[in-house]
Number of protein chains: 4
Amino acid sequence: MFDVRTDLALEENERIQKQKNDTRGISVDEEEYEEGSIRITTVRIETENAVRVMGKPRGTYITLEAPEMAEDSDGYHRNISERLAQLLHRLIPEEPAGASILVAGLGNRSVTPDALGPGVVDNLRITRHILKEFGSFAYSDAQVQPLCAIAPGVMAQTGMETREILEGIVGQVKPDYLIAIDSLAARSMKRLCRTIQISDTGISPGSGVGNHRHSITAETLGIPVIAVGIPTVVEAATIVQDFMADFEAEHREMSRPLLSPQLNRMFVTSKDIDAQIRQMSYIVSEGINMAFCG
Amino acid sequence: MFDVRTDLALEENERIQKQKNDTRGISVDEEEYEEGSIRITTVRIETENAVRVMGKPRGTYITLEAPEMAEDSDGYHRNISERLAQLLHRLIPEEPAGASILVAGLGNRSVTPDALGPGVVDNLRITRHILKEFGSFAYSDAQVQPLCAIAPGVMAQTGMETREILEGIVGQVKPDYLIAIDSLAARSMKRLCRTIQISDTGISPGSGVGNHRHSITAETLGIPVIAVGIPTVVEAATIVQDFMADFEAEHREMSRPLLSPQLNRMFVTSKDIDAQIRQMSYIVSEGINMAFCG
Amino acid sequence: MFDVRTDLALEENERIQKQKNDTRGISVDEEEYEEGSIRITTVRIETENAVRVMGKPRGTYITLEAPEMAEDSDGYHRNISERLAQLLHRLIPEEPAGASILVAGLGNRSVTPDALGPGVVDNLRITRHILKEFGSFAYSDAQVQPLCAIAPGVMAQTGMETREILEGIVGQVKPDYLIAIDSLAARSMKRLCRTIQISDTGISPGSGVGNHRHSITAETLGIPVIAVGIPTVVEAATIVQDFMADFEAEHREMSRPLLSPQLNRMFVTSKDIDAQIRQMSYIVSEGINMAFCG
Amino acid sequence: MFDVRTDLALEENERIQKQKNDTRGISVDEEEYEEGSIRITTVRIETENAVRVMGKPRGTYITLEAPEMAEDSDGYHRNISERLAQLLHRLIPEEPAGASILVAGLGNRSVTPDALGPGVVDNLRITRHILKEFGSFAYSDAQVQPLCAIAPGVMAQTGMETREILEGIVGQVKPDYLIAIDSLAARSMKRLCRTIQISDTGISPGSGVGNHRHSITAETLGIPVIAVGIPTVVEAATIVQDFMADFEAEHREMSRPLLSPQLNRMFVTSKDIDAQIRQMSYIVSEGINMAFCG
């Protein structure tokens, strides 16, 4: 069996269905909006068996698929942001009023497909310091919650684990929730920059372009961690493996050639990734602004 | 008397000398290097009286003046970096071997004269994560110390006090020393981008382009805090006030017109500040690399 | 008389009114929109006398003042963009359909208050290459005109006059109109980042943070040049001079102290200039998109 | 036969040798420096037959291979820059003194592996405007030649062909030589960020991350065009094809599966491409500075 890397529960579930694995403890719900142009799939991993089969932590994984996300349409992007705001509130209850949020924009600002997290932080409406100084009189809209944010950089830039930095800041600032934004690795090129995954499980080691080696989860940080991720790369090894899989289906007797270890340090992404990252950063930050900052 | 804003102890001392104030508790030493092209002045504020007169915390303020710092000469810049490395070791003893350093690049990456700190972090040789993974075998040079770094952003970007973020990270990562890099406000345009101030007092509220409202000091963080600053702006009000001061010296009888409060949100800087910030970021990061990372 | 630097015809006209100069050949019209929150003033310089008195080329200077431009309101910003689109069409007739536009984003991307032009270019909807490849079928909206754009950088970065670069590109690409976006110097701090000036006179030497030494006008380029500028700095010398002017009004007998030549290399801007440049870049690019790209 | 994309004449030559093609008209010379750590290969394509076999224009292709280019060693990088300066002078004669150079930094600043060209331009010593203003007295070193530079952006950003922009600027500024810097696509991952190709053939359509659709050559621009390129990506399709080639060598009877057309819009690069682009930009710009600006 292939060890195909995907950060998307949706893709993992597809693989399992295909392989006719034991799916007890995995529930899947689907919804459609905007005449089918936005599809929401909720995968719940509910038992130890499901954790083992899926290779992902127990929890809820909501996937918003919007095939035209990359197209240049302000109205459609606004629809996606509004859906994202609603999905965030499925995982972060609106009560109690005024729960405070820390957004962590993970990833490396200098590597285009890894710059989603920092890009989201750049567009957020930061309110915590204003509410702290002026109180609820600061905004005419009573629903503005205290929001703060950081783009901590990656280990090659800081020498520190992202988990260390966030654990320190959370201990000091004591937000009620952490929302961690990250670029993900998908298995299929078709999903790149068209899918948003929101989960209540936090972030586990080894995702995306960079490598956060330690978990950023409720267990390590002591507060609920909502992960928002968009696949922006496919691992280079995955592309070759996928290709081989189709091939071998027809030629089962063949021995599989070895993959170069160099492949493990490589990723695949699209030639217009800059425009897509800019657009998706804006969509996600607007969704967060709508959900928490009026 | 004018309330002229300067972050430089050197300038504060000049003012005091000029006004023939009580200078007990203030000691001043001068050195010259490279045929006078690098001048080092050490101001020590040693008593409560000196603290009051200088308006600055007790401690050692070393100023490196290099009038041609902005000129395009690789060799001269290397000399300045080497002097800076030596001065850092006057405040951070070379023993015990392997003391770990956290560098905080303060300021706003998006406002050119405030981008010194983030620029320094971009050029540092980050070693902590490599030493942690491979031990002392990681480097052939035995003198490489664990160095980590962060550019936390400013409150308008994060919603958090810089002090909160650093206190959190220091509590988690437990470095032996913090080196905080910041853009400063000078009183005199002649000092801009030609002077480096190194002090063992940390950073106090209200410096530079941005406003760090809470102290970043050994008292708040629990470890020694070395501040490295370069003046990159003059407060707009200062320019008018200085100009007025010369004027009034001749026309003492006159009433002083009021300054617009708007001036307080403005700063003055030079038209080629981008090239200067890039050059100085490099000089400072090289100095730190030489001092701690072989 | 003071040689106060302003790029705004509006300010120049105020000065002239105040000094009761000869205003023949200068016409001024005022309009108000959005309950007075957007004010439009059209200054026309129509005679040689007016050119001499105003110190600006003959032509039409439309100023859009929006005192709350810097506030965080999407709806209000959209209103400003719509007004800007209309004003552009006062100077660029909608007929003939399909006139092609080259936008030049002048200024230095690395100096925050000079980065307006490059920032506008980053947000434009570029259509020329798509229309060239797919023809009018490329867009469902028939009104999309061919738009291309460049941010040429400043002379310190390129070694070339901006005029040389644009003259070369215009000669090759042959657009019908050039729209040149630039940061301006105002005389009054109150106008910074609250005013957009649109004129049909092109750009004359010596504006803003940088210094375009040669004219970018219909005479030099051979096509109409529409200049769109926003004041983002005040020259440092202007602040002192303005201050002195008030002072001297009361103390006429006094000799004026000399200004340091160093002041001429300095500018004054606000501490939150990064957020303002980002917002204004977006407002201007949206205005251009609305005017020409459906 | 596979249509494997490589911009490196060196790789094309390897393929031809392997396939035992007709190599008449192709000459290859090899040199080694720095104890074998720098290897220089000169491929000359001298006949129509060679042009057809190699699929590249007639001319000289010099390849500098430095396997440790990505390692963190200032001295080694300086050696590479010095070699590059010498190689540039093989193609651009030192006589006549004072020949003027325009450097074009091609590629997209916002897509990390495509940002080599703009990064080189950022680090160049720009002299043309200073020599123009102050003449040969501007520099104590008589050997400083007039150097100017531009990073024109890519067609998706400008709506214009790079060739159109450069043709316009060259016509106006009239440099003696154009040096065009670009990111290249290699066939082998092993060559990424370890190889510099210098050729006197200019740049032909379809290279690297972006797509310059029209030639930038002496024919189109009217002056000699020296291309300096570094492979920073492998086309995604190439990786799969290479992999398949090994495979098929053993299983010749098999039908080859079709490649997804989506692959053509994808590229493969390494996870630390940001650090490598920064380092290589510096190496190349230093080489150009050494060659022409003393």
# chains A, B, ... in the order shown; residues from 1 in each chain; ligands from 1
>>> residues_around(residues="range 44-48 of chain C", least_positions_apart="5", cutoff="9 Å", atoms="only C-alpha atoms", output="ChimeraX atom specification")
/C:24-29,53-54,56-62
>>> interface_residues(of="chain C", to="chain B", cutoff="6 Å", atoms="only C-alpha atoms", output="VMD selection string")
chain C and resid 110 to 112 240 265 to 271 274
>>> select_by_dssp(residues="range 109-207 of chain B", states="alpha helix (DSSP H)", output="NGL selection string")
:B and (116-123 or 128-134 or 155-158 or 162-173)
>>> residues_around(residues="range 132-141 of chain C", least_positions_apart="4", cutoff="9 Å", atoms="only C-alpha atoms", output="list in words")
Thr127, Arg128, Pro146, Cys293 and Gly294 of chain C
>>> write_last_selection(atoms="C-alpha atoms", output="tab-separated table (two decimals), in the first residue's frame")
chain	number	residue	atom	x	y	z
C	127	THR	CA	-6.59	42.56	-19.35
C	128	ARG	CA	-4.48	43.53	-22.38
C	146	PRO	CA	-7.20	46.63	-22.73
C	293	CYS	CA	-12.41	46.84	-16.78
C	294	GLY	CA	-16.11	46.39	-16.18
>>> closest_residue(among="C:Arg194, C:Arg83, C:Arg15, C:Lys174", to="Pro224 in chain C", atoms="only C-alpha atoms")
C:Lys174
>>> atom_distance(atom1="CA of Gly222 in chain D", atom2="CA of Val43 in chain D")
24.1 Å
>>> atom_distance(atom1="CA of Gln276 in chain A", atom2="CA of Asp74 in chain C")
22.4 Å
>>> decode(residues="range 20-55 of chain C", atoms="N, CA, C and O atoms", output="mmCIF file, in the first residue's frame")
data_model
loop_
_atom_site.group_PDB
_atom_site.id
_atom_site.type_symbol
_atom_site.label_atom_id
_atom_site.label_comp_id
_atom_site.auth_asym_id
_atom_site.auth_seq_id
_atom_site.Cartn_x
_atom_site.Cartn_y
_atom_site.Cartn_z
ATOM 1 N N LYS C 20 -4.027 87.268 -2.021
ATOM 2 C CA LYS C 20 -4.744 88.209 -2.891
ATOM 3 C C LYS C 20 -4.009 88.451 -4.196
ATOM 4 O O LYS C 20 -3.903 89.582 -4.686
ATOM 5 N N ASN C 21 -3.419 87.360 -4.747
ATOM 6 C CA ASN C 21 -2.742 87.473 -6.043
ATOM 7 C C ASN C 21 -3.762 87.619 -7.167
ATOM 8 O O ASN C 21 -4.955 87.400 -6.976
ATOM 9 N N ASP C 22 -3.255 87.927 -8.311
ATOM 10 C CA ASP C 22 -4.056 88.017 -9.525
ATOM 11 C C ASP C 22 -4.539 86.615 -9.913
ATOM 12 O O ASP C 22 -3.742 85.735 -10.202
ATOM 13 N N THR C 23 -5.842 86.373 -9.876
ATOM 14 C CA THR C 23 -6.352 85.027 -10.125
ATOM 15 C C THR C 23 -7.026 84.914 -11.485
ATOM 16 O O THR C 23 -7.774 83.966 -11.724
ATOM 17 N N ARG C 24 -6.797 85.868 -12.380
ATOM 18 C CA ARG C 24 -7.379 85.732 -13.717
ATOM 19 C C ARG C 24 -6.811 84.481 -14.397
ATOM 20 O O ARG C 24 -5.626 84.190 -14.292
ATOM 21 N N GLY C 25 -7.649 83.754 -15.067
ATOM 22 C CA GLY C 25 -7.211 82.532 -15.746
ATOM 23 C C GLY C 25 -7.250 81.306 -14.854
ATOM 24 O O GLY C 25 -6.893 80.212 -15.270
ATOM 25 N N ILE C 26 -7.667 81.477 -13.611
ATOM 26 C CA ILE C 26 -7.828 80.329 -12.701
ATOM 27 C C ILE C 26 -9.316 80.198 -12.392
ATOM 28 O O ILE C 26 -9.920 81.122 -11.863
ATOM 29 N N SER C 27 -9.905 79.055 -12.748
ATOM 30 C CA SER C 27 -11.309 78.866 -12.379
ATOM 31 C C SER C 27 -11.416 77.747 -11.369
ATOM 32 O O SER C 27 -10.627 76.799 -11.389
ATOM 33 N N VAL C 28 -12.374 77.878 -10.460
ATOM 34 C CA VAL C 28 -12.527 76.893 -9.385
ATOM 35 C C VAL C 28 -13.993 76.503 -9.261
ATOM 36 O O VAL C 28 -14.864 77.377 -9.139
ATOM 37 N N ASP C 29 -14.297 75.208 -9.318
ATOM 38 C CA ASP C 29 -15.655 74.698 -9.111
ATOM 39 C C ASP C 29 -15.671 73.703 -7.967
ATOM 40 O O ASP C 29 -14.737 72.915 -7.830
ATOM 41 N N GLU C 30 -16.756 73.724 -7.196
ATOM 42 C CA GLU C 30 -16.854 72.783 -6.076
ATOM 43 C C GLU C 30 -18.132 71.968 -6.149
ATOM 44 O O GLU C 30 -19.177 72.473 -6.518
ATOM 45 N N GLU C 31 -18.012 70.684 -5.767
ATOM 46 C CA GLU C 31 -19.175 69.794 -5.687
ATOM 47 C C GLU C 31 -19.073 69.015 -4.376
ATOM 48 O O GLU C 31 -17.980 68.808 -3.865
ATOM 49 N N GLU C 32 -20.233 68.572 -3.888
ATOM 50 C CA GLU C 32 -20.209 67.716 -2.700
ATOM 51 C C GLU C 32 -21.073 66.479 -2.919
ATOM 52 O O GLU C 32 -22.126 66.556 -3.551
ATOM 53 N N TYR C 33 -20.636 65.365 -2.363
ATOM 54 C CA TYR C 33 -21.373 64.116 -2.507
ATOM 55 C C TYR C 33 -21.404 63.395 -1.163
ATOM 56 O O TYR C 33 -20.645 63.730 -0.248
ATOM 57 N N GLU C 34 -22.242 62.377 -1.106
ATOM 58 C CA GLU C 34 -22.333 61.526 0.095
ATOM 59 C C GLU C 34 -22.485 62.388 1.352
ATOM 60 O O GLU C 34 -21.723 62.253 2.312
ATOM 61 N N GLU C 35 -23.483 63.277 1.313
ATOM 62 C CA GLU C 35 -23.747 64.155 2.466
ATOM 63 C C GLU C 35 -22.509 64.915 2.909
ATOM 64 O O GLU C 35 -22.226 65.040 4.100
ATOM 65 N N GLY C 36 -21.785 65.379 1.950
ATOM 66 C CA GLY C 36 -20.646 66.233 2.269
ATOM 67 C C GLY C 36 -19.386 65.478 2.649
ATOM 68 O O GLY C 36 -18.343 66.083 2.895
ATOM 69 N N SER C 37 -19.462 64.131 2.694
ATOM 70 C CA SER C 37 -18.263 63.401 3.115
ATOM 71 C C SER C 37 -17.265 63.243 1.965
ATOM 72 O O SER C 37 -16.138 62.809 2.186
ATOM 73 N N ILE C 38 -17.679 63.540 0.755
ATOM 74 C CA ILE C 38 -16.745 63.580 -0.376
ATOM 75 C C ILE C 38 -16.906 64.936 -1.062
ATOM 76 O O ILE C 38 -17.997 65.304 -1.472
ATOM 77 N N ARG C 39 -15.812 65.687 -1.158
ATOM 78 C CA ARG C 39 -15.865 67.005 -1.773
ATOM 79 C C ARG C 39 -14.924 66.999 -2.974
ATOM 80 O O ARG C 39 -13.778 66.551 -2.872
ATOM 81 N N ILE C 40 -15.444 67.503 -4.105
ATOM 82 C CA ILE C 40 -14.651 67.527 -5.329
ATOM 83 C C ILE C 40 -14.445 68.966 -5.762
ATOM 84 O O ILE C 40 -15.411 69.728 -5.892
ATOM 85 N N THR C 41 -13.181 69.348 -5.940
ATOM 86 C CA THR C 41 -12.859 70.709 -6.376
ATOM 87 C C THR C 41 -12.116 70.631 -7.699
ATOM 88 O O THR C 41 -11.147 69.878 -7.818
ATOM 89 N N THR C 42 -12.569 71.387 -8.682
ATOM 90 C CA THR C 42 -11.902 71.398 -9.979
ATOM 91 C C THR C 42 -11.241 72.761 -10.187
ATOM 92 O O THR C 42 -11.920 73.792 -10.219
ATOM 93 N N VAL C 43 -9.923 72.738 -10.271
ATOM 94 C CA VAL C 43 -9.165 73.965 -10.535
ATOM 95 C C VAL C 43 -8.693 73.895 -11.983
ATOM 96 O O VAL C 43 -8.076 72.912 -12.384
ATOM 97 N N ARG C 44 -9.020 74.957 -12.750
ATOM 98 C CA ARG C 44 -8.530 74.994 -14.134
ATOM 99 C C ARG C 44 -7.536 76.127 -14.272
ATOM 100 O O ARG C 44 -7.822 77.259 -13.877
ATOM 101 N N ILE C 45 -6.382 75.817 -14.819
ATOM 102 C CA ILE C 45 -5.363 76.837 -15.084
ATOM 103 C C ILE C 45 -5.399 77.083 -16.584
ATOM 104 O O ILE C 45 -5.031 76.212 -17.370
ATOM 105 N N GLU C 46 -5.882 78.283 -16.968
ATOM 106 C CA GLU C 46 -6.280 78.467 -18.370
ATOM 107 C C GLU C 46 -5.462 79.482 -19.156
ATOM 108 O O GLU C 46 -5.575 79.558 -20.389
ATOM 109 N N THR C 47 -4.651 80.273 -18.473
ATOM 110 C CA THR C 47 -3.895 81.306 -19.197
ATOM 111 C C THR C 47 -2.435 81.288 -18.758
ATOM 112 O O THR C 47 -2.082 80.677 -17.737
ATOM 113 N N GLU C 48 -1.599 81.986 -19.530
ATOM 114 C CA GLU C 48 -0.183 82.077 -19.166
ATOM 115 C C GLU C 48 -0.009 82.749 -17.809
ATOM 116 O O GLU C 48 0.846 82.372 -17.011
ATOM 117 N N ASN C 49 -0.842 83.746 -17.566
ATOM 118 C CA ASN C 49 -0.802 84.413 -16.260
ATOM 119 C C ASN C 49 -1.067 83.406 -15.144
ATOM 120 O O ASN C 49 -0.334 83.353 -14.145
ATOM 121 N N ALA C 50 -2.084 82.570 -15.337
ATOM 122 C CA ALA C 50 -2.439 81.593 -14.310
ATOM 123 C C ALA C 50 -1.304 80.593 -14.104
ATOM 124 O O ALA C 50 -0.999 80.186 -12.972
ATOM 125 N N VAL C 51 -0.663 80.191 -15.195
ATOM 126 C CA VAL C 51 0.471 79.262 -15.100
ATOM 127 C C VAL C 51 1.573 79.872 -14.230
ATOM 128 O O VAL C 51 2.148 79.218 -13.356
ATOM 129 N N ARG C 52 1.833 81.168 -14.447
ATOM 130 C CA ARG C 52 2.904 81.843 -13.726
ATOM 131 C C ARG C 52 2.546 81.988 -12.238
ATOM 132 O O ARG C 52 3.335 81.676 -11.352
ATOM 133 N N VAL C 53 1.336 82.414 -11.985
ATOM 134 C CA VAL C 53 0.917 82.641 -10.599
ATOM 135 C C VAL C 53 0.869 81.320 -9.826
ATOM 136 O O VAL C 53 1.322 81.236 -8.679
ATOM 137 N N MET C 54 0.331 80.292 -10.458
ATOM 138 C CA MET C 54 0.184 79.002 -9.769
ATOM 139 C C MET C 54 1.484 78.192 -9.769
ATOM 140 O O MET C 54 1.645 77.269 -8.958
ATOM 141 N N GLY C 55 2.367 78.487 -10.664
ATOM 142 C CA GLY C 55 3.592 77.680 -10.743
ATOM 143 C C GLY C 55 3.317 76.245 -11.159
ATOM 144 O O GLY C 55 4.046 75.325 -10.773
#
